[in-house]
Each structure stands twice: as C-alpha cells, then as structure tokens.
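Undergrad: The structure file final-v6.txt (compact mmCIF, C-alpha atoms and all ligand atoms) is provided below.
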# COMPACT_ATOMS: atom_id res chain seq x y z
CA MET A 1 58.92 -46.60 26.57
CA SER A 2 57.14 -46.18 23.27
CA TYR A 3 54.32 -43.68 23.94
CA CYS A 4 54.41 -40.14 25.31
CA CYS A 5 53.67 -40.07 29.05
CA LYS A 6 51.83 -36.73 28.68
CA CYS A 7 49.83 -36.98 25.42
CA GLY A 8 49.98 -40.67 24.45
CA ASN A 9 51.50 -39.95 21.03
CA LYS A 10 53.82 -42.59 19.63
CA LEU A 11 57.44 -41.68 20.32
CA ILE A 12 60.17 -41.54 17.72
CA LYS A 13 63.92 -41.70 18.30
CA LYS A 14 65.65 -38.38 17.88
CA GLU A 15 69.24 -37.29 18.28
CA HIS A 16 69.77 -35.47 21.57
CA LYS A 17 72.85 -33.27 21.72
CA ASN A 18 74.38 -34.96 24.78
CA ASP A 19 72.81 -38.39 24.93
CA GLY A 20 72.46 -39.80 21.41
CA LEU A 21 69.14 -41.26 20.24
CA ILE A 22 66.39 -40.55 22.78
CA PRO A 23 62.60 -41.13 22.56
CA TYR A 24 60.97 -37.92 21.37
CA CYS A 25 57.35 -36.76 21.16
CA SER A 26 56.85 -34.70 18.02
CA LYS A 27 53.43 -33.50 19.25
CA CYS A 28 54.77 -32.09 22.55
CA GLY A 29 58.12 -31.21 20.99
CA GLU A 30 59.95 -32.75 23.96
CA PHE A 31 62.34 -35.58 24.66
CA ARG A 32 60.92 -38.30 26.89
CA PHE A 33 63.71 -39.76 28.96
CA PRO A 34 62.93 -43.02 30.76
CA VAL A 35 60.79 -42.54 33.88
CA PHE A 36 60.93 -45.00 36.76
CA SER A 37 61.20 -45.10 40.53
CA ALA A 38 64.34 -46.01 42.42
CA ALA A 39 64.52 -47.88 45.69
CA CYS A 40 67.30 -49.16 47.89
CA SER A 41 67.56 -52.46 49.70
CA MET A 42 70.20 -53.20 52.29
CA VAL A 43 72.31 -56.09 53.50
CA VAL A 44 72.84 -54.65 57.00
CA MET A 45 75.69 -56.29 58.90
CA ASN A 46 76.25 -56.06 62.65
CA PRO A 47 79.37 -54.22 63.95
CA ASP A 48 81.39 -57.48 64.00
CA LYS A 49 80.35 -58.17 60.38
CA ASN A 50 79.28 -61.73 61.12
CA LYS A 51 75.49 -61.31 61.20
CA ILE A 52 72.86 -59.89 58.85
CA LEU A 53 69.63 -58.14 59.75
CA LEU A 54 66.39 -59.58 58.37
CA ILE A 55 62.94 -58.14 58.99
CA GLN A 56 59.30 -59.17 58.74
CA GLN A 57 56.77 -56.56 57.64
CA TYR A 58 53.09 -55.96 56.89
CA GLY A 59 51.93 -59.08 58.73
CA LYS A 60 53.84 -61.40 56.41
CA LYS A 61 55.80 -64.21 58.05
CA ARG A 62 58.75 -63.99 55.73
CA ASN A 63 62.21 -62.57 56.24
CA VAL A 64 63.38 -59.88 53.86
CA LEU A 65 65.98 -57.13 53.73
CA VAL A 66 65.34 -53.59 54.93
CA ALA A 67 64.32 -51.54 51.89
CA GLY A 68 62.67 -48.28 50.88
CA TYR A 69 62.17 -45.77 48.11
CA ILE A 70 64.79 -43.20 47.22
CA ASN A 71 63.37 -39.68 47.30
CA LYS A 72 63.65 -37.35 44.34
CA GLY A 73 66.85 -35.35 44.77
CA GLU A 74 68.34 -37.82 47.25
CA ASN A 75 71.58 -39.77 46.82
CA ALA A 76 71.18 -43.54 47.04
CA GLU A 77 73.69 -43.69 49.92
CA ASP A 78 71.73 -41.08 51.88
CA ALA A 79 68.55 -43.07 51.28
CA VAL A 80 70.29 -46.18 52.67
CA LYS A 81 71.20 -44.35 55.88
CA ARG A 82 67.79 -42.73 56.21
CA GLU A 83 65.76 -45.87 55.57
CA VAL A 84 67.73 -48.06 57.98
CA LYS A 85 67.52 -45.35 60.64
CA GLU A 86 63.77 -44.80 60.12
CA GLU A 87 62.91 -48.47 60.15
CA THR A 88 65.28 -49.81 62.79
CA GLY A 89 66.70 -46.81 64.69
CA ILE A 90 70.21 -47.96 63.76
CA ASP A 91 72.94 -45.80 62.20
CA VAL A 92 74.92 -47.42 59.39
CA TYR A 93 78.22 -46.65 57.66
CA ASN A 94 80.61 -48.26 55.15
CA ILE A 95 77.87 -48.30 52.51
CA LYS A 96 78.91 -50.29 49.45
CA TYR A 97 77.05 -51.00 46.25
CA ASN A 98 76.19 -54.65 45.73
CA ASN A 99 73.81 -55.32 42.83
CA SER A 100 70.59 -54.12 41.22
CA GLU A 101 67.35 -55.50 39.87
CA TYR A 102 64.48 -53.93 37.94
CA PHE A 103 61.03 -54.72 39.38
CA GLU A 104 58.44 -54.42 36.64
CA PRO A 105 55.15 -54.42 38.65
CA THR A 106 56.07 -51.11 40.30
CA ASN A 107 58.42 -49.82 37.58
CA THR A 108 61.18 -49.60 40.14
CA LEU A 109 64.93 -50.01 39.89
CA MET A 110 66.08 -51.61 43.14
CA LEU A 111 69.66 -50.85 44.13
CA ASN A 112 71.11 -53.13 46.76
CA PHE A 113 73.87 -52.02 49.12
CA SER A 114 75.73 -53.57 52.00
CA CYS A 115 76.37 -51.48 55.09
CA VAL A 116 77.60 -51.90 58.64
CA ALA A 117 75.49 -51.06 61.68
CA LYS A 118 76.96 -49.07 64.55
CA SER A 119 74.91 -51.15 67.00
CA GLU A 120 72.97 -54.42 67.25
CA ASP A 121 70.31 -52.74 69.38
CA LEU A 122 66.90 -53.41 67.85
CA SER A 123 64.84 -51.59 70.49
CA GLY A 124 64.27 -48.68 68.07
CA ILE A 125 62.45 -50.57 65.30
CA ASN A 126 59.42 -48.65 64.09
CA ASN A 127 55.86 -49.92 64.05
CA GLU A 128 55.92 -50.77 60.31
CA ILE A 129 58.20 -53.67 61.20
CA ASP A 130 56.72 -56.73 62.89
CA LYS A 131 60.02 -58.39 63.69
CA ALA A 132 63.71 -57.73 63.19
CA GLU A 133 66.40 -60.26 63.94
CA TRP A 134 70.15 -60.74 63.45
CA PHE A 135 71.14 -63.97 61.69
CA SER A 136 74.55 -65.51 61.06
CA PHE A 137 75.41 -65.54 57.34
CA ASN A 138 74.40 -69.19 57.00
CA GLU A 139 71.19 -68.69 58.98
CA ALA A 140 70.33 -65.64 56.89
CA LYS A 141 70.77 -67.68 53.71
CA GLU A 142 68.45 -70.37 55.11
CA ASN A 143 65.83 -68.04 56.53
CA ILE A 144 65.44 -65.36 53.88
CA MET A 145 62.30 -65.54 51.75
CA PRO A 146 63.11 -67.83 48.80
CA ASP A 147 62.94 -66.77 45.14
CA GLY A 148 62.67 -63.03 45.76
CA SER A 149 65.01 -60.14 45.06
CA ALA A 150 66.07 -60.13 48.74
CA GLN A 151 67.41 -63.67 48.39
CA ARG A 152 69.16 -62.90 45.10
CA PHE A 153 70.80 -59.79 46.58
CA LEU A 154 71.90 -61.67 49.68
CA ASP A 155 73.32 -64.57 47.64
CA PHE A 156 75.14 -62.16 45.33
CA PHE A 157 76.62 -60.35 48.30
CA LEU A 158 77.75 -63.54 50.07
CA ASP A 159 79.19 -64.98 46.84
CA HIS A 160 81.11 -61.86 45.78
CA PHE A 161 82.06 -59.85 48.82
CA ILE A 162 82.61 -62.26 51.70
ZN ZN I 1 53.52 -35.91 23.84
If you convert what's in this file into structure tokens, what do you get?
Ligand SMILES: [Zn+2]

TA:
Amino acid sequence: MSYCCKCGNKLIKKEHKNDGLIPYCSKCGEFRFPVFSAACSMVVMNPDKNKILLIQQYGKKRNVLVAGYINKGENAEDAVKREVKEETGIDVYNIKYNNSEYFEPTNTLMLNFSCVAKSEDLSGINNEIDKAEWFSFNEAKENIMPDGSAQRFLDFFLDHFI
C-alpha cells in the first residue's frame, strides 16, 4: 500500500510504538495498516478420512473446495465451521491449518484448512451449490479444477499431511 485509503495522499513509513515501520499518512495524521479481506477454504474429509468433498457452484462445471469469507471479528476456525455448515449442512471438527494464498483480484488472503465431517450426508446442501460429491483422495486430485488455488491447496495437503 502506498497511498492513503481515505485521502489519497502518498504514505510515508513511520515508526509505530509496537509494530516498527508502518505506512503513515501525514495529512490524516494516522497510521494505515494493510487492509485486505480474509477467506477460508476447506479440504473437508469424510468421517473415515479417506474421501474429500468437492463442490460445483454458480453454474460452473468445475470441482472446487468449499470456501467463504471470514467475517470481521470472527476466528478463522469458526468461519470454517460456519461456512461448511451453511453450504453443506455438515458439522466439521478437527480443523487444522494447511496453507495460504493471496488472491490479488479481490485483495483477499485465502487461508486453507483441513477438517473432518461428522457425516457424509449431503442432503442438506444449500441452493448456492449445484453439486457436492465425495471423492477418494486420488479421484479428488484428478477431478479438482486444474491450476487454481483449490488444486494447489489440495496438493499441498495431500503431500504434507497424508
Ligand atoms: Zn490520508
């Protein structure tokens, strides 16, 4: 960030008492900490931990991971539980951090977690989801949308945690 988000003035670096050199607007007289959105994306495993849930959304015929924005004031782990529940009706536990990726077009930091579903029942998927399906690890690798963050998160998870 190099310009003030409120007045457009060029920012300088100024010593902040707790955080070292931070962008500062001398016109507003305020520090401008980085501003971005945060989202979570989930490698959801079935109760036996041998399948992964992939979904199709918004009329697109491509398999991705369940994902959603983290609300202001919300812990990432709570967002994981809430988003999976809202989108699929499934409760998850054993939430573990996997990897992250910054997505420039929406200025969003995507945090990926793995979690375990309490049920494989997909009858509660909401109407934002066109299709949800459990895949074996190998099938998930083959069927996930190529070259996107979902694929990179899934590969990272399967390479490092399985
Ligand atoms: Zn300013």

Undergrad: Can you work out which residues are within 8 Å of ligand ZN 1 (chain I), considering all atoms listed in the file, and then hand them over as a list in words?

TA: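 Those residues are Tyr3, Cys4, Cys5, Lys6, Cys7, Gly8, Asn9, Lys10, Leu11, Cys25, Ser26, Lys27, Cys28, Gly29 and Glu30 of chain A.
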
Undergrad: Which residues are near Leu158 in chain A? Cut-off 8 Å, only C-alpha atoms, ignore same chain within fewer than 4 positions. Put them as a PyMOL selection string.

TA: chain A and resi 137+154+162

Undergrad: Tell me, in Å to one decimal, how far CA of His16 in chain A is from CA of Phe103 in chain A.

TA: 27.6 Å

Undergrad: Please identify all polymer residues within 8 Å of range 119-123 of chain A, counting all atoms listed in the file, omitting same-chain residues fewer than 3 positions from it, and present them as a list in words.

TA: Asn46, Pro47, Thr88, Gly89, Ile90, Asp91, Ala132, Glu133 and Trp134 of chain A

Undergrad: So, counting only C-alpha atoms, which residue among A:Lys118, A:Ile144, A:Ile12, A:Ala39 is closest to Asn75 in chain A?

TA: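 Among the listed residues, A:Ala39 lies closest to Asn75 in chain A.
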
Undergrad: Would you mind listing what lies within 12 Å of Val80 in chain A as an MDAnalysis selection string, with only C-alpha atoms counted and same-chain residues fewer than 4 positions away left out?

TA: chainID A and resid 38:44 65:71 74:76 84:88 90:97 110:117

Undergrad: Looking at all atoms listed in the file, which of A:Ile22, A:Val64, A:Met45, A:Leu53 is the one that sits closest to Phe135 in chain A?

TA: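 Looking at the shortest contact to Phe135 in chain A, the residue is A:Leu53.
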
Undergrad: Tell me, in Å to one decimal, how far CA of Ile129 in chain A is from CA of Phe161 in chain A.

TA: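 Atom-to-atom, CA of Ile129 in chain A and CA of Phe161 in chain A are spaced 27.6 Å apart.
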
Undergrad: Just to confirm, what's the straight-line distance from CA of Asp48 in chain A to CA of Ser100 in chain A in Å (one decimal)?

TA: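 Distance reported for this atom pair: 25.4 Å.
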
Undergrad: Would you mind listing what lies within 12 Å of Leu21 in chain A as a PyMOL selection string, with only C-alpha atoms counted and same-chain residues fewer than 6 positions away left out?

TA: chain A and resi 11-15+31-33

Undergrad: Quick one: everything within 10 Å of Asn138 in chain A, counting only C-alpha atoms, minus sequence neighbours fewer than 2 positions away in the same chain. Send it as a ChimeraX atom specification.

TA: /A:50-52,135-136,140-143,158

Undergrad: Store the residues picked out above in a file with C-alpha atoms, as a tab-separated table (two decimals), in the frame of the given file.

TA:
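Output file selection_16.tsv follows:
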chain	number	residue	atom	x	y	z
A	50	ASN	CA	79.28	-61.73	61.12
A	51	LYS	CA	75.49	-61.31	61.20
A	52	ILE	CA	72.86	-59.89	58.85
A	135	PHE	CA	71.14	-63.97	61.69
A	136	SER	CA	74.55	-65.51	61.06
A	140	ALA	CA	70.33	-65.64	56.89
A	141	LYS	CA	70.77	-67.68	53.71
A	142	GLU	CA	68.45	-70.37	55.11
A	143	ASN	CA	65.83	-68.04	56.53
A	158	LEU	CA	77.75	-63.54	50.07
